[in-house]
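**Student:** run-v7.cif is reproduced below (mmCIF, C-alpha atoms).
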data_input
#
loop_
_atom_site.group_PDB
_atom_site.id
_atom_site.type_symbol
_atom_site.label_atom_id
_atom_site.label_comp_id
_atom_site.auth_asym_id
_atom_site.auth_seq_id
_atom_site.Cartn_x
_atom_site.Cartn_y
_atom_site.Cartn_z
ATOM 1 C CA MET A 1 -44.475 -15.065 -35.444
ATOM 2 C CA ILE A 2 -45.512 -13.862 -31.987
ATOM 3 C CA ASP A 3 -48.822 -15.151 -30.723
ATOM 4 C CA LEU A 4 -50.495 -11.952 -29.539
ATOM 5 C CA SER A 5 -53.454 -13.751 -28.008
ATOM 6 C CA ALA A 6 -51.227 -15.513 -25.449
ATOM 7 C CA GLY A 7 -50.198 -12.198 -23.827
ATOM 8 C CA ILE A 8 -46.912 -11.200 -22.265
ATOM 9 C CA PRO A 9 -46.626 -11.028 -18.469
ATOM 10 C CA LEU A 10 -46.443 -7.551 -17.008
ATOM 11 C CA ALA A 11 -43.109 -8.516 -15.447
ATOM 12 C CA ILE A 12 -41.470 -7.664 -18.779
ATOM 13 C CA LEU A 13 -41.520 -4.042 -17.596
ATOM 14 C CA LEU A 14 -39.128 -5.027 -14.833
ATOM 15 C CA ILE A 15 -36.359 -5.960 -17.306
ATOM 16 C CA PRO A 16 -35.481 -2.387 -18.429
ATOM 17 C CA TYR A 17 -36.055 -1.261 -14.850
ATOM 18 C CA GLY A 18 -33.585 -3.869 -13.600
ATOM 19 C CA LEU A 19 -31.015 -2.770 -16.195
ATOM 20 C CA PHE A 20 -31.399 0.812 -15.024
ATOM 21 C CA VAL A 21 -30.940 -0.267 -11.397
ATOM 22 C CA LEU A 22 -27.660 -1.940 -12.426
ATOM 23 C CA LEU A 23 -26.529 1.315 -14.096
ATOM 24 C CA TYR A 24 -27.556 3.200 -10.961
ATOM 25 C CA LEU A 25 -25.511 0.862 -8.747
ATOM 26 C CA PHE A 26 -22.519 1.358 -11.054
ATOM 27 C CA PHE A 27 -22.811 5.148 -10.633
ATOM 28 C CA VAL A 28 -23.315 4.873 -6.868
ATOM 29 C CA SER A 29 -20.274 2.651 -6.389
ATOM 30 C CA PHE A 30 -18.042 4.986 -8.445
ATOM 31 C CA ASN A 31 -19.275 8.086 -6.648
ATOM 32 C CA LEU A 32 -18.805 6.474 -3.226
ATOM 33 C CA TYR A 33 -15.292 5.414 -4.226
ATOM 34 C CA HIS A 34 -14.476 8.986 -5.330
ATOM 35 C CA LEU A 35 -15.915 10.465 -2.140
ATOM 36 C CA TRP A 36 -14.045 8.044 0.103
ATOM 37 C CA HIS A 37 -10.779 8.267 -1.795
ATOM 38 C CA TYR A 38 -10.613 11.951 -2.735
ATOM 39 C CA GLY A 39 -12.856 13.648 -0.148
ATOM 40 C CA THR A 40 -11.415 15.515 2.786
ATOM 41 C CA ALA A 41 -10.902 13.557 5.989
ATOM 42 C CA ASP A 42 -13.634 15.218 8.019
ATOM 43 C CA TRP A 43 -17.282 14.828 9.090
ATOM 44 C CA LYS A 44 -18.562 16.456 5.869
ATOM 45 C CA THR A 45 -17.442 13.582 3.638
ATOM 46 C CA LYS A 46 -18.949 11.032 6.006
ATOM 47 C CA THR A 47 -22.230 12.988 6.148
ATOM 48 C CA ILE A 48 -22.445 13.126 2.339
ATOM 49 C CA ILE A 49 -21.733 9.381 2.061
ATOM 50 C CA PHE A 50 -24.381 8.658 4.711
ATOM 51 C CA CYS A 51 -26.987 10.850 2.933
ATOM 52 C CA TYR A 52 -26.194 9.190 -0.414
ATOM 53 C CA ILE A 53 -26.642 5.677 0.984
ATOM 54 C CA ALA A 54 -29.690 6.653 3.089
ATOM 55 C CA GLY A 55 -31.416 8.236 0.053
ATOM 56 C CA THR A 56 -30.694 5.160 -2.048
ATOM 57 C CA VAL A 57 -32.035 2.801 0.653
ATOM 58 C CA LEU A 58 -35.149 4.982 1.070
ATOM 59 C CA ILE A 59 -35.908 4.986 -2.668
ATOM 60 C CA ALA A 60 -35.217 1.227 -2.885
ATOM 61 C CA TYR A 61 -37.561 0.520 0.047
ATOM 62 C CA ALA A 62 -40.332 2.796 -1.297
ATOM 63 C CA SER A 63 -39.974 1.172 -4.731
ATOM 64 C CA PHE A 64 -40.157 -2.304 -3.208
ATOM 65 C CA VAL A 65 -43.317 -1.407 -1.260
ATOM 66 C CA ALA A 66 -44.921 0.224 -4.312
ATOM 67 C CA LEU A 67 -44.014 -2.551 -6.757
ATOM 68 C CA SER A 68 -44.737 -5.549 -4.523
ATOM 69 C CA GLY A 69 -48.451 -4.737 -4.363
ATOM 70 C CA TYR A 70 -49.079 -5.678 -7.998
ATOM 71 C CA ASN A 71 -49.551 -8.992 -9.730
ATOM 72 C CA TRP A 72 -46.693 -8.975 -12.223
ATOM 73 C CA MET A 73 -47.910 -12.129 -13.932
ATOM 74 C CA THR A 74 -50.962 -10.321 -15.306
ATOM 75 C CA PRO A 75 -50.782 -10.815 -19.081
ATOM 76 C CA ILE A 76 -50.582 -7.763 -21.295
ATOM 77 C CA ASP A 77 -53.231 -8.284 -23.957
ATOM 78 C CA LEU A 78 -51.466 -6.805 -26.980
ATOM 79 C CA GLN A 79 -54.408 -7.474 -29.296
ATOM 80 C CA GLU A 80 -56.696 -5.385 -27.135
ATOM 81 C CA ILE A 81 -54.115 -2.579 -26.900
ATOM 82 C CA PHE A 82 -53.524 -2.558 -30.677
ATOM 83 C CA SER A 83 -57.225 -2.663 -31.472
ATOM 84 C CA SER A 84 -57.855 0.166 -29.015
ATOM 85 C CA ILE A 85 -55.057 2.276 -30.588
ATOM 86 C CA THR A 86 -56.246 1.504 -34.126
ATOM 87 C CA SER A 87 -59.862 2.339 -33.366
ATOM 88 C CA LYS A 88 -58.823 5.632 -31.759
ATOM 89 C CA SER A 89 -56.300 6.790 -34.363
ATOM 90 C CA LEU A 90 -57.921 5.248 -37.467
ATOM 91 C CA PRO A 91 -61.681 5.140 -36.807
ATOM 92 C CA SER A 92 -62.522 4.414 -40.467
ATOM 93 C CA LEU A 93 -60.867 0.958 -40.160
ATOM 94 C CA MET B 1 -8.920 10.749 1.963
ATOM 95 C CA ILE B 2 -7.288 14.168 1.695
ATOM 96 C CA ASN B 3 -6.119 15.677 4.952
ATOM 97 C CA SER B 4 -5.613 19.440 4.667
ATOM 98 C CA ASN B 5 -2.881 19.296 7.311
ATOM 99 C CA ARG B 6 -1.038 16.422 5.608
ATOM 100 C CA LEU B 7 -0.971 17.084 1.882
ATOM 101 C CA PRO B 8 1.026 14.868 -0.494
ATOM 102 C CA ASN B 9 4.699 15.966 -0.743
ATOM 103 C CA GLN B 10 4.213 18.441 2.067
ATOM 104 C CA ARG B 11 7.313 20.181 3.403
ATOM 105 C CA PRO B 12 7.879 20.152 7.177
ATOM 106 C CA ASP B 13 7.297 23.923 7.522
ATOM 107 C CA GLU B 14 4.434 24.113 4.989
ATOM 108 C CA LYS B 15 1.097 25.226 6.413
ATOM 109 C CA THR B 16 -2.357 25.188 4.803
ATOM 110 C CA LEU B 17 -3.778 28.709 4.571
ATOM 111 C CA LEU B 18 -7.018 28.086 2.678
ATOM 112 C CA LEU B 19 -9.143 25.128 1.633
ATOM 113 C CA LEU B 20 -11.739 26.442 -0.799
ATOM 114 C CA ARG B 21 -14.828 25.023 -2.399
ATOM 115 C CA ARG B 22 -17.488 26.746 -4.453
ATOM 116 C CA HIS B 23 -19.950 29.021 -2.671
ATOM 117 C CA TRP B 24 -22.925 27.404 -0.882
ATOM 118 C CA VAL B 25 -25.229 28.803 -3.561
ATOM 119 C CA VAL B 26 -24.026 26.007 -5.898
ATOM 120 C CA PRO B 27 -25.259 23.047 -3.751
ATOM 121 C CA PHE B 28 -28.326 25.136 -2.858
ATOM 122 C CA LYS B 29 -29.276 25.339 -6.557
ATOM 123 C CA ILE B 30 -28.780 21.565 -6.912
ATOM 124 C CA CYS B 31 -31.001 20.905 -3.857
ATOM 125 C CA ALA B 32 -33.677 23.322 -5.117
ATOM 126 C CA PHE B 33 -33.694 21.605 -8.512
ATOM 127 C CA PHE B 34 -33.897 18.205 -6.798
ATOM 128 C CA LEU B 35 -36.825 19.232 -4.572
ATOM 129 C CA PHE B 36 -38.655 20.717 -7.545
ATOM 130 C CA SER B 37 -38.113 17.481 -9.488
ATOM 131 C CA VAL B 38 -39.384 15.448 -6.512
ATOM 132 C CA ALA B 39 -42.565 17.532 -6.372
ATOM 133 C CA ILE B 40 -43.519 17.043 -10.054
ATOM 134 C CA PRO B 41 -44.693 13.367 -9.797
ATOM 135 C CA VAL B 42 -46.528 14.185 -6.541
ATOM 136 C CA GLY B 43 -48.489 16.865 -8.437
ATOM 137 C CA VAL B 44 -49.138 14.444 -11.309
ATOM 138 C CA TYR B 45 -50.325 11.798 -8.807
ATOM 139 C CA PHE B 46 -52.908 14.130 -7.281
ATOM 140 C CA LEU B 47 -53.988 15.278 -10.738
ATOM 141 C CA ILE B 48 -54.592 11.664 -11.805
ATOM 142 C CA LEU B 49 -56.339 10.952 -8.504
ATOM 143 C CA SER B 50 -58.784 13.800 -9.039
ATOM 144 C CA GLU B 51 -59.303 13.533 -12.816
ATOM 145 C CA PHE B 52 -58.868 9.809 -13.569
ATOM 146 C CA PRO B 53 -59.316 7.935 -10.259
ATOM 147 C CA ASN B 54 -59.758 4.529 -11.956
ATOM 148 C CA LEU B 55 -56.451 4.792 -13.780
ATOM 149 C CA LEU B 56 -54.311 3.991 -10.729
ATOM 150 C CA THR B 57 -56.255 0.814 -9.949
ATOM 151 C CA ASP B 58 -55.999 -0.434 -13.537
ATOM 152 C CA PRO B 59 -53.999 -3.722 -13.497
ATOM 153 C CA LEU B 60 -51.870 -2.520 -16.410
ATOM 154 C CA VAL B 61 -51.505 1.242 -15.901
ATOM 155 C CA GLY B 62 -50.984 1.109 -12.116
ATOM 156 C CA PRO B 63 -47.800 -1.037 -12.188
ATOM 157 C CA THR B 64 -46.492 0.850 -15.226
ATOM 158 C CA LEU B 65 -46.806 4.163 -13.375
ATOM 159 C CA ALA B 66 -45.190 2.639 -10.261
ATOM 160 C CA VAL B 67 -42.183 1.445 -12.315
ATOM 161 C CA ALA B 68 -41.981 4.844 -14.041
ATOM 162 C CA ALA B 69 -42.058 6.673 -10.684
ATOM 163 C CA SER B 70 -39.327 4.490 -9.206
ATOM 164 C CA PHE B 71 -37.227 4.901 -12.369
ATOM 165 C CA TYR B 72 -37.711 8.681 -12.228
ATOM 166 C CA TYR B 73 -36.779 9.053 -8.543
ATOM 167 C CA LEU B 74 -33.671 6.901 -8.920
ATOM 168 C CA ALA B 75 -32.645 8.978 -11.957
ATOM 169 C CA ILE B 76 -33.027 12.372 -10.264
ATOM 170 C CA TRP B 77 -31.303 11.132 -7.091
ATOM 171 C CA MET B 78 -28.424 9.855 -9.224
ATOM 172 C CA LEU B 79 -28.127 13.110 -11.208
ATOM 173 C CA ALA B 80 -28.433 15.359 -8.154
ATOM 174 C CA PHE B 81 -25.821 13.394 -6.267
ATOM 175 C CA GLN B 82 -23.493 13.357 -9.252
ATOM 176 C CA GLU B 83 -23.625 17.167 -9.170
ATOM 177 C CA ILE B 84 -23.085 17.226 -5.394
ATOM 178 C CA VAL B 85 -20.043 14.941 -5.745
ATOM 179 C CA ASN B 86 -18.657 17.186 -8.507
ATOM 180 C CA TYR B 87 -19.168 20.208 -6.266
ATOM 181 C CA TYR B 88 -17.669 18.573 -3.201
ATOM 182 C CA LEU B 89 -14.586 17.153 -4.888
ATOM 183 C CA ASP B 90 -13.656 20.411 -6.639
ATOM 184 C CA MET B 91 -11.303 22.157 -4.262
ATOM 185 C CA TRP B 92 -8.471 24.627 -4.168
ATOM 186 C CA ILE B 93 -5.865 24.518 -1.427
ATOM 187 C CA VAL B 94 -3.502 27.425 -0.739
ATOM 188 C CA THR B 95 -0.490 26.703 1.438
ATOM 189 C CA THR B 96 2.546 28.766 2.403
ATOM 190 C CA GLU B 97 4.431 27.124 -0.493
ATOM 191 C CA ARG B 98 1.975 26.300 -3.291
ATOM 192 C CA VAL B 99 -1.544 26.262 -4.674
ATOM 193 C CA VAL B 100 -3.214 22.908 -5.336
ATOM 194 C CA ASN B 101 -6.061 22.727 -7.847
ATOM 195 C CA ILE B 102 -8.273 19.596 -7.797
ATOM 196 C CA GLU B 103 -11.264 19.283 -10.107
ATOM 197 C CA GLN B 104 -13.695 16.464 -10.749
ATOM 198 C CA PHE B 105 -15.517 16.354 -14.085
ATOM 199 C CA GLY B 106 -18.242 13.694 -14.105
ATOM 200 C CA LEU B 107 -17.494 10.098 -13.274
ATOM 201 C CA PHE B 108 -14.171 9.437 -14.956
ATOM 202 C CA VAL B 109 -12.284 12.734 -15.340
ATOM 203 C CA ARG B 110 -10.270 14.172 -12.478
ATOM 204 C CA THR B 111 -7.468 16.702 -12.699
ATOM 205 C CA ALA B 112 -5.021 17.652 -9.962
ATOM 206 C CA SER B 113 -2.270 20.210 -10.449
ATOM 207 C CA GLU B 114 -0.124 22.409 -8.297
ATOM 208 C CA LEU B 115 1.628 25.720 -8.687
ATOM 209 C CA HIS B 116 4.464 27.031 -6.546
ATOM 210 C CA LEU B 117 3.816 30.489 -5.178
ATOM 211 C CA GLU B 118 7.093 31.823 -6.619
ATOM 212 C CA ASN B 119 5.689 31.249 -10.145
ATOM 213 C CA ILE B 120 2.608 33.399 -9.623
ATOM 214 C CA MET B 121 2.830 36.658 -11.572
ATOM 215 C CA ASP B 122 -0.628 38.095 -11.024
ATOM 216 C CA VAL B 123 -3.786 37.342 -9.037
ATOM 217 C CA THR B 124 -7.152 38.594 -10.314
ATOM 218 C CA SER B 125 -10.488 38.409 -8.512
ATOM 219 C CA GLU B 126 -13.761 38.875 -10.337
ATOM 220 C CA VAL B 127 -17.311 39.306 -9.024
ATOM 221 C CA ARG B 128 -19.735 39.544 -11.906
ATOM 222 C CA GLY B 129 -23.532 39.623 -11.644
ATOM 223 C CA MET B 130 -26.186 40.729 -9.182
ATOM 224 C CA LEU B 131 -26.416 37.497 -7.167
ATOM 225 C CA HIS B 132 -22.629 37.237 -7.049
ATOM 226 C CA THR B 133 -22.386 40.799 -5.704
ATOM 227 C CA PHE B 134 -25.088 40.307 -3.051
ATOM 228 C CA LEU B 135 -23.708 36.995 -1.815
ATOM 229 C CA ASN B 136 -20.065 38.009 -2.351
ATOM 230 C CA TYR B 137 -18.775 35.134 -4.446
ATOM 231 C CA GLY B 138 -16.870 34.985 -7.704
ATOM 232 C CA ASP B 139 -13.722 33.803 -9.450
ATOM 233 C CA VAL B 140 -10.016 34.158 -8.748
ATOM 234 C CA MET B 141 -7.506 33.648 -11.562
ATOM 235 C CA LEU B 142 -3.815 33.021 -10.986
ATOM 236 C CA GLN B 143 -1.543 34.065 -13.826
ATOM 237 C CA THR B 144 1.857 32.514 -14.291
ATOM 238 C CA ALA B 145 4.565 33.339 -16.815
ATOM 239 C CA ALA B 146 2.836 30.935 -19.201
ATOM 240 C CA GLU B 147 0.137 32.505 -21.379
ATOM 241 C CA LYS B 148 -2.657 30.183 -20.325
ATOM 242 C CA THR B 149 -4.421 30.746 -16.984
ATOM 243 C CA ARG B 150 -4.222 27.297 -15.497
ATOM 244 C CA PHE B 151 -5.478 28.110 -12.034
ATOM 245 C CA HIS B 152 -9.008 29.334 -11.947
ATOM 246 C CA PHE B 153 -10.879 29.270 -8.629
ATOM 247 C CA LYS B 154 -14.516 29.139 -9.682
ATOM 248 C CA GLN B 155 -17.443 30.615 -7.729
ATOM 249 C CA ILE B 156 -15.580 30.784 -4.443
ATOM 250 C CA PRO B 157 -16.780 32.843 -1.471
ATOM 251 C CA ARG B 158 -15.055 36.182 -0.737
ATOM 252 C CA PRO B 159 -12.777 36.270 -3.803
ATOM 253 C CA GLU B 160 -11.219 39.648 -2.899
ATOM 254 C CA LEU B 161 -10.121 38.373 0.518
ATOM 255 C CA VAL B 162 -8.742 35.203 -1.104
ATOM 256 C CA ARG B 163 -6.786 37.339 -3.597
ATOM 257 C CA GLN B 164 -5.253 39.350 -0.732
ATOM 258 C CA ILE B 165 -4.308 36.191 1.194
ATOM 259 C CA ILE B 166 -2.651 34.692 -1.900
ATOM 260 C CA LEU B 167 -0.752 37.928 -2.664
ATOM 261 C CA LYS B 168 0.453 38.100 0.939
ATOM 262 C CA ALA B 169 1.522 34.439 0.785
ATOM 263 C CA VAL B 170 3.381 35.097 -2.494
ATOM 264 C CA ASP B 171 5.207 38.081 -0.946
ATOM 265 C CA GLU B 172 6.176 36.103 2.149
ATOM 266 C CA ASP B 173 7.318 33.168 0.015
ATOM 267 C CA ARG B 174 9.515 35.458 -2.140
ATOM 268 C CA SER B 175 11.092 37.159 0.875
ATOM 269 C CA ARG B 176 11.724 33.764 2.483
ATOM 270 C CA HIS B 177 13.414 32.498 -0.683
ATOM 271 C CA GLN B 178 15.521 35.680 -0.878
ATOM 272 C CA ARG B 179 16.605 35.241 2.749
ATOM 273 C CA VAL B 180 17.594 31.649 2.048
ATOM 274 C CA ALA B 181 19.472 32.707 -1.107
ATOM 275 C CA THR B 182 21.414 35.501 0.658
ATOM 276 C CA SER B 183 22.243 33.313 3.667
ATOM 277 C CA SER B 184 23.527 30.473 1.469
ATOM 278 C CA ALA B 185 25.471 32.757 -0.937
ATOM 279 C CA PRO B 186 28.563 33.381 1.318
ATOM 280 C CA LEU B 187 28.665 29.662 2.057
ATOM 281 C CA SER B 188 28.765 28.752 -1.624
ATOM 282 C CA GLN B 189 31.396 31.487 -2.280
ATOM 283 C CA SER B 190 33.611 30.096 0.465
ATOM 284 C CA ASN B 191 33.164 26.596 -0.958
ATOM 285 C CA ASP B 192 34.249 27.926 -4.357
ATOM 286 C CA SER B 193 37.370 29.582 -2.886
ATOM 287 C CA HIS B 194 38.289 26.322 -1.120
ATOM 288 C CA ALA B 195 37.938 24.461 -4.407
ATOM 289 C CA HIS B 196 40.371 26.894 -6.105
#
Show the structure stored in the file as structure tokens.

**Tutor:**
Amino acid sequence: MIDLSAGIPLAILLIPYGLFVLLYLFFVSFNLYHLWHYGTADWKTKTIIFCYIAGTVLIAYASFVALSGYNWMTPIDLQEIFSSITSKSLPSL
Amino acid sequence: MINSNRLPNQRPDEKTLLLLRRHWVVPFKICAFFLFSVAIPVGVYFLILSEFPNLLTDPLVGPTLAVAASFYYLAIWMLAFQEIVNYYLDMWIVTTERVVNIEQFGLFVRTASELHLENIMDVTSEVRGMLHTFLNYGDVMLQTAAEKTRFHFKQIPRPELVRQIILKAVDEDRSRHQRVATSSAPLSQSNDSHAH
């Protein structure tokens, strides 16, 4: 039985996010391999690879800045959320 | 990396005539879709800021929206770039000896095939649609003796010009092969007479 009063830290949201980042890195590495291995030997391939990496770094940096400003140990009060949902959807209870 | 001047199994006298990719309208559509997708959360942000200003400072909703935004931008960057990689790695190379067809489908499927010019029976170009007509791009199909059209150049620029270049290359290849055949025929006949 889960003790709802204890609360779960907000950092739990970062678990699915982290899994998605791993999937993203898998895609990036495969695409970079394909570009490097099968692209034409000219400036276009290098430009595309540079843009891909630069875009990824930019999004990673912006995400880091946006996410680091929060206190991820804030507990999620499930009881309050459930009571709020119940009172809104089932007002007779 | 693929070098258009040094293809795999290239003959010493083989020259690359064309290296084709899809028309620029294809990456343009991908970029337009990407920019539109980037703008959506910005619009939502300003909507929340004007209608529910306290929502972003909420200790629970604020971080959840930040994670969702990061997730969203990574996802659209990944999808857009997957499409760009598919576009960039699809290419058709026409040389004085053969046609090479390279296509990338997603992350794990890649096909590469080649066709010698002497096997080409018919070359068809097709421009269908208003945008295709205005921007002059379309398809070119190469027909061999086999029933199935294996070589299909998709959405390439100036398909009619490409068709003419391929037909000219096919003609030159046939006449070159005929010259080689006629010049080697007396030699083989004399070899036969020596053997008898």

**Student:** Enumerate, as a list in words, the residues matched when the PyMOL selection byres ((chain A) within 7 of (chain B)) is run on the file above.

**Tutor:**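 Selected by the PyMOL selection byres ((chain A) within 7 of (chain B)) in this file: Tyr17, Tyr24, Asn31, Trp36, His37, Tyr38, Gly39, Thr40, Ala41, Ile59, Ser63, Ala66, Leu67 and Tyr70 of chain A.
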
**Student:** Determine the residue membership of the PyMOL selection byres ((chain A and resi 74) around 9) for the file above and supply it as a list of chain:residue names.

**Tutor:** A:Gly7, A:Ile8, A:Pro9, A:Leu10, A:Ala11, A:Tyr70, A:Asn71, A:Trp72, A:Met73, A:Pro75, A:Ile76, B:Pro59, B:Leu60

**Student:** How far is it from CA of Ile166 (chain B) to CA of Ser125 (chain B), in Å with one decimal?

**Tutor:** 10.9 Å

**Student:** Which residue gives the smallest distance to Trp92 (chain B) among B:Phe105, B:Arg128, B:Asn136, B:Arg21, with all atoms listed in the file counted?

**Tutor:**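 Using all atoms listed in the file, the shortest distance to Trp92 (chain B) belongs to B:Arg21.
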
**Student:** Please evaluate the PyMOL selection byres ((chain B and resi 98) around 6) against the structure above and give the resulting residues as a PyMOL selection string.

**Tutor:** chain B and resi 95+97+99+115-117

**Student:** Keeping only C-alpha atoms, write the selected residues as a short mmCIF file (atom, residue, chain, number, x, y, z; two decimals), in the frame of the given file.

**Tutor:**
data_model
loop_
_atom_site.label_atom_id
_atom_site.label_comp_id
_atom_site.auth_asym_id
_atom_site.auth_seq_id
_atom_site.Cartn_x
_atom_site.Cartn_y
_atom_site.Cartn_z
CA THR B 95 -0.49 26.70 1.44
CA GLU B 97 4.43 27.12 -0.49
CA VAL B 99 -1.54 26.26 -4.67
CA LEU B 115 1.63 25.72 -8.69
CA HIS B 116 4.46 27.03 -6.55
CA LEU B 117 3.82 30.49 -5.18
#

**Student:** Which residues are near Pro157 (chain B)? Cut-off 9 Å, only C-alpha atoms, ignore same chain within fewer than 4 positions. Put them as an MDAnalysis selection string.

**Tutor:** chainID B and resid 20:24 135:139 161:162

**Student:** Report, in Å with one decimal, the straight-line distance from CA of Ala60 (chain A) to CA of Val26 (chain B).

**Tutor:**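 According to the coordinates, CA of Ala60 (chain A) and CA of Val26 (chain B) are separated by 27.4 Å.
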
**Student:** Mind giving me the straight-line distance from CA of Val100 (chain B) to CA of Glu114 (chain B) in Å, one decimal?

**Tutor:**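 Spanning CA of Val100 (chain B) to CA of Glu114 (chain B) is a straight-line distance of 4.3 Å.
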